[in-house]
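Report on the following structure.
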Amino acid sequence: MQRQWLMTPPPFDDPAETFHVASKLSMWMSSSATGPYSYELATDPDALEQLGRAHPHYISSEVYPLASAGGATPVGDLLRRRHSAAGFGQNAVTFDSFSRILNESACITEAHGRGAPSAGALYPIDIYLCVNNVEGLTAGVYALDPYGASLHRLTVDRDPRSFLQECLVFQNLADNSAFHVFFVGSFVRQRIKYGQRAYRFALIEAGHIAQAMIMCALEENVVSCPVGGFIDKQVDDLLCLDGVEQSVVYSVAFGSGQASDEVVE
């Protein structure tokens with residue numbers, strides 16, 4: 001007998017929307033939300049022992065070491081070289097490299113879909129960019145049309161670099177970045193099929209696209225830093241999003257490398 005999955009309408013006190021709003025950063029509470037927890041973790045040896053591990057303790061009867069990875073494959077080489085850049089050089093990113101990064105990771109074609117999986121192929125993530133230093137492209141705020149493989153410059157009266165310096169928690173990432181990508185969830189696009197689980201799928205998909213974009217950038221010798229620390233409302237307001245049905249969920253800064261590139265993880 002085939003099991004029937006039923007999706008009930010979300011209540012007015014929608015837990016997905018409540019979590020989304022409660023997890024936003026603001027200028028008034030960004031430090032208070034995490035400060036007490038980070039202090040406890042940093043000063044409690046028992047907490048560090050239990051929580052500061054990359055994996056939990058396992059109770060098992062047999063252990064099987066993995067075979068040696070050996071020499072890196074082309075994909076493995078990109079993964080080994082991937083790191084979060086603490087800053088960027090002052091050189092511009094070429095328009096060809098910029099175009100390849102977006103085409104291969106975020107654009108959607110009938111032949112290949114998108115360079116990242118999407119639940120139900122509903123593509124709930126929209127791409128917006130603050131462009132600062134890309135050759136042949138006027139600095140400004142852009143939206144990506146993933147089906148037409150084209151950029152639309154928005155009528156936004158803000159300097160993109162100064163905006164990034166205002167909305168990012170780590171403002172130094174805006175100093176020399178060539179472009180900054182914001183991933184916006186249009187949740188209703190998946191919710192019509194997946195109900196409240198659509199919120200989880202949207203977050204997962206944003207991570208998939210970001211990783212694909214980061215790897216494509218490495219092929220072009222463009223470095224990056226994933227950024228989750230931004231003032232949500234400032235980004236939503238800039239892009240005229242309501243912050244509930246459509247809202248920014250993630251971002252990545254991109255730019256040229258610099259001689260002394262400190263790794264931040």
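By convention in this document, the chains of the structure tokens carry letters A, B, ... by their order, each chain's residues are numbered from 1, and ligands are numbered from 1 in the order they are shown.
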*List the neighbours of Asp145 of chain A out to 10 Å using only C-alpha atoms; skip same-chain residues closer than 3 positions along the sequence, and give me the result as a PyMOL selection string.*
chain A and resi 106-108+126-128+142+148-152
*Selection: 7 Å around segment 119-125 of chain A, only C-alpha atoms, excl. self and same-chain fewer than 2 positions, as a PyMOL selection string*: chain A and resi 117+127+183-187+189-190+201-202+206
Keeping only C-alpha atoms, write the selected residues as a CSV table (one decimal), in the first residue's frame.
chain,number,residue,atom,x,y,z
A,117,PRO,CA,20.8,20.3,-6.4
A,127,ILE,CA,21.0,35.6,-6.4
A,183,PHE,CA,21.5,34.3,-1.4
A,184,VAL,CA,17.8,35.2,-1.0
A,185,GLY,CA,15.2,32.5,-0.1
A,186,SER,CA,11.9,32.9,-1.9
A,187,PHE,CA,10.3,30.3,0.5
A,189,ARG,CA,8.3,28.8,-4.3
A,190,GLN,CA,9.1,25.5,-2.5
A,201,PHE,CA,15.5,22.8,1.9
A,202,ALA,CA,16.0,26.5,1.1
A,206,ALA,CA,21.9,28.1,-0.5
*Which of these residues is nearest to Gln90 of chain A, using only C-alpha atoms: A:Asn176, A:Ser26, A:Ser118, A:Gln246?*
A:Asn176
*Identify which of the residues A:Ser61, A:Thr155, A:Thr73, A:Asn133 lies closest to Cys240 of chain A, counting only C-alpha atoms when measuring atom-to-atom distances.*
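Between A:Ser61, A:Thr155, A:Thr73, A:Asn133, the residue approaching Cys240 of chain A most closely is A:Thr155.
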*asked:* To test your reading of the structure, identify every residue in segment 10-248 of chain A that backbone DSSP assigns to helix (DSSP H, G or I), and report it as a PyMOL selection string.
replied: chain A and resi 15-22+35-43+45-51+74-81+95-106+119-121+160-167+171-174+188-194+197-219+232-238
Would you output that residue set with C-alpha atoms, as a compact mmCIF listing (two decimals), in the first residue's frame?
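Below is the file that was written, result27.txt:
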# COMPACT_ATOMS: atom_id res chain seq x y z
CA PRO A 15 7.45 27.88 13.59
CA ALA A 16 9.57 28.24 10.42
CA GLU A 17 8.81 31.96 10.21
CA THR A 18 9.31 32.36 13.97
CA PHE A 19 12.74 30.72 13.78
CA HIS A 20 13.72 32.79 10.76
CA VAL A 21 12.87 36.05 12.51
CA ALA A 22 14.38 34.98 15.85
CA GLY A 35 28.07 36.42 23.81
CA PRO A 36 27.16 34.41 26.94
CA TYR A 37 27.44 31.07 25.11
CA SER A 38 30.80 31.82 23.50
CA TYR A 39 32.20 33.03 26.83
CA GLU A 40 31.13 29.84 28.61
CA LEU A 41 32.59 27.66 25.87
CA ALA A 42 35.91 29.53 25.85
CA THR A 43 36.37 29.43 29.64
CA PRO A 45 37.47 23.12 30.04
CA ASP A 46 34.72 20.50 30.35
CA ALA A 47 32.59 22.31 27.78
CA LEU A 48 35.54 22.52 25.40
CA GLU A 49 36.23 18.81 25.86
CA GLN A 50 32.65 17.82 25.12
CA LEU A 51 31.56 20.43 22.58
CA PRO A 74 41.01 17.97 -10.01
CA VAL A 75 38.02 18.23 -7.66
CA GLY A 76 40.11 17.10 -4.69
CA ASP A 77 42.71 19.74 -5.50
CA LEU A 78 40.05 22.46 -5.36
CA LEU A 79 38.79 21.14 -2.02
CA ARG A 80 42.33 21.09 -0.60
CA ARG A 81 42.95 24.66 -1.73
CA PHE A 95 34.47 39.86 -16.38
CA ASP A 96 35.19 36.48 -18.02
CA SER A 97 36.08 34.87 -14.66
CA PHE A 98 33.11 36.54 -13.00
CA SER A 99 30.80 35.23 -15.75
CA ARG A 100 32.14 31.66 -15.55
CA ILE A 101 31.67 31.57 -11.77
CA LEU A 102 28.00 32.57 -12.07
CA ASN A 103 27.27 30.53 -15.19
CA GLU A 104 28.61 27.24 -13.89
CA SER A 105 27.25 27.46 -10.34
CA ALA A 106 24.04 29.48 -10.39
CA ALA A 119 14.44 19.91 -4.02
CA GLY A 120 11.76 19.37 -6.65
CA ALA A 121 13.78 21.51 -9.10
CA PRO A 160 27.86 48.90 -2.81
CA ARG A 161 31.12 48.96 -0.84
CA SER A 162 29.89 51.44 1.76
CA PHE A 163 26.69 49.41 2.10
CA LEU A 164 28.70 46.23 2.75
CA GLN A 165 30.82 48.03 5.33
CA GLU A 166 27.62 48.97 7.15
CA CYS A 167 25.79 45.64 7.02
CA GLN A 171 33.49 44.97 7.93
CA ASN A 172 37.06 44.41 6.73
CA LEU A 173 35.76 41.83 4.24
CA ALA A 174 34.20 44.72 2.30
CA VAL A 188 6.83 30.17 -1.03
CA ARG A 189 8.31 28.80 -4.25
CA GLN A 190 9.05 25.47 -2.53
CA ARG A 191 6.48 25.69 0.21
CA ILE A 192 3.62 24.99 -2.15
CA LYS A 193 5.04 21.45 -2.45
CA TYR A 194 7.01 20.80 0.74
CA ARG A 197 10.16 21.56 5.35
CA ALA A 198 10.70 23.96 2.45
CA TYR A 199 12.48 26.32 4.84
CA ARG A 200 15.07 23.65 5.59
CA PHE A 201 15.45 22.83 1.90
CA ALA A 202 16.03 26.51 1.06
CA LEU A 203 18.86 26.78 3.60
CA ILE A 204 20.45 23.58 2.33
CA GLU A 205 20.22 24.76 -1.27
CA ALA A 206 21.86 28.09 -0.45
CA GLY A 207 24.81 26.13 0.95
CA HIS A 208 24.97 23.93 -2.17
CA ILE A 209 25.09 26.94 -4.51
CA ALA A 210 27.63 28.76 -2.35
CA GLN A 211 29.97 25.75 -2.37
CA ALA A 212 29.61 25.35 -6.14
CA MET A 213 30.36 29.07 -6.56
CA ILE A 214 33.40 28.87 -4.27
CA MET A 215 34.85 25.93 -6.21
CA CYS A 216 34.24 27.60 -9.57
CA ALA A 217 35.95 30.72 -8.23
CA LEU A 218 39.02 28.72 -7.19
CA GLU A 219 39.35 27.46 -10.76
CA ASP A 232 19.38 40.92 7.84
CA LYS A 233 17.03 43.87 7.73
CA GLN A 234 19.53 46.13 6.00
CA VAL A 235 19.98 43.61 3.18
CA ASP A 236 16.25 42.90 2.92
CA ASP A 237 15.47 46.61 2.82
CA LEU A 238 18.08 47.28 0.14
*Any idea what the distance is between atom CA of Leu144 of chain A and atom CA of His83 of chain A?*
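Between atom CA of Leu144 of chain A and atom CA of His83 of chain A the gap works out to 25.3 Å.
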*Contacts of Phe230 of chain A at 7 Å (only C-alpha atoms; same-chain gap of 5+ positions) as a PyMOL selection string*: chain A and resi 25+167-169
Go ahead and dump the residues you just picked, N, CA and C atoms, as a PDB file, in the first residue's frame.
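For reference, part_18.pdb as written:
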ATOM      1  N   LEU A  25      20.163  38.778  12.755  1.00  0.00           N
ATOM      2  CA  LEU A  25      21.036  39.690  13.490  1.00  0.00           C
ATOM      3  C   LEU A  25      20.527  41.114  13.320  1.00  0.00           C
ATOM      4  N   CYS A 167      26.667  46.769   6.682  1.00  0.00           N
ATOM      5  CA  CYS A 167      25.788  45.637   7.020  1.00  0.00           C
ATOM      6  C   CYS A 167      26.542  44.384   7.444  1.00  0.00           C
ATOM      7  N   LEU A 168      27.852  44.283   7.155  1.00  0.00           N
ATOM      8  CA  LEU A 168      28.606  43.094   7.534  1.00  0.00           C
ATOM      9  C   LEU A 168      29.145  43.224   8.955  1.00  0.00           C
ATOM     10  N   VAL A 169      29.102  42.129   9.705  1.00  0.00           N
ATOM     11  CA  VAL A 169      29.664  42.128  11.055  1.00  0.00           C
ATOM     12  C   VAL A 169      31.179  42.298  10.983  1.00  0.00           C
TER      13      VAL A 169
END
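From atom CA of Ser23 of chain A back to atom CA of Gln196 of chain A, the distance works out to 16.5 Å.
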*Out of A:Leu239, A:Val222, A:Ala253, A:Val93, which residue has the shortest atom-to-atom distance to Val156 of chain A when counting only C-alpha atoms?*
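Of A:Leu239, A:Val222, A:Ala253, A:Val93, the one nearest Val156 of chain A, counting only C-alpha atoms, is A:Leu239.
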*For Tyr250 of chain A, which residue out of A:Pro226, A:Gly113, A:Gly87, A:Gly195 is the nearest one, using only C-alpha atoms?*
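Between A:Pro226, A:Gly113, A:Gly87, A:Gly195, the residue approaching Tyr250 of chain A most closely is A:Pro226.
As for atom CA of Asp157 of chain A and atom CA of Leu241 of chain A, they are spaced 16.2 Å apart.
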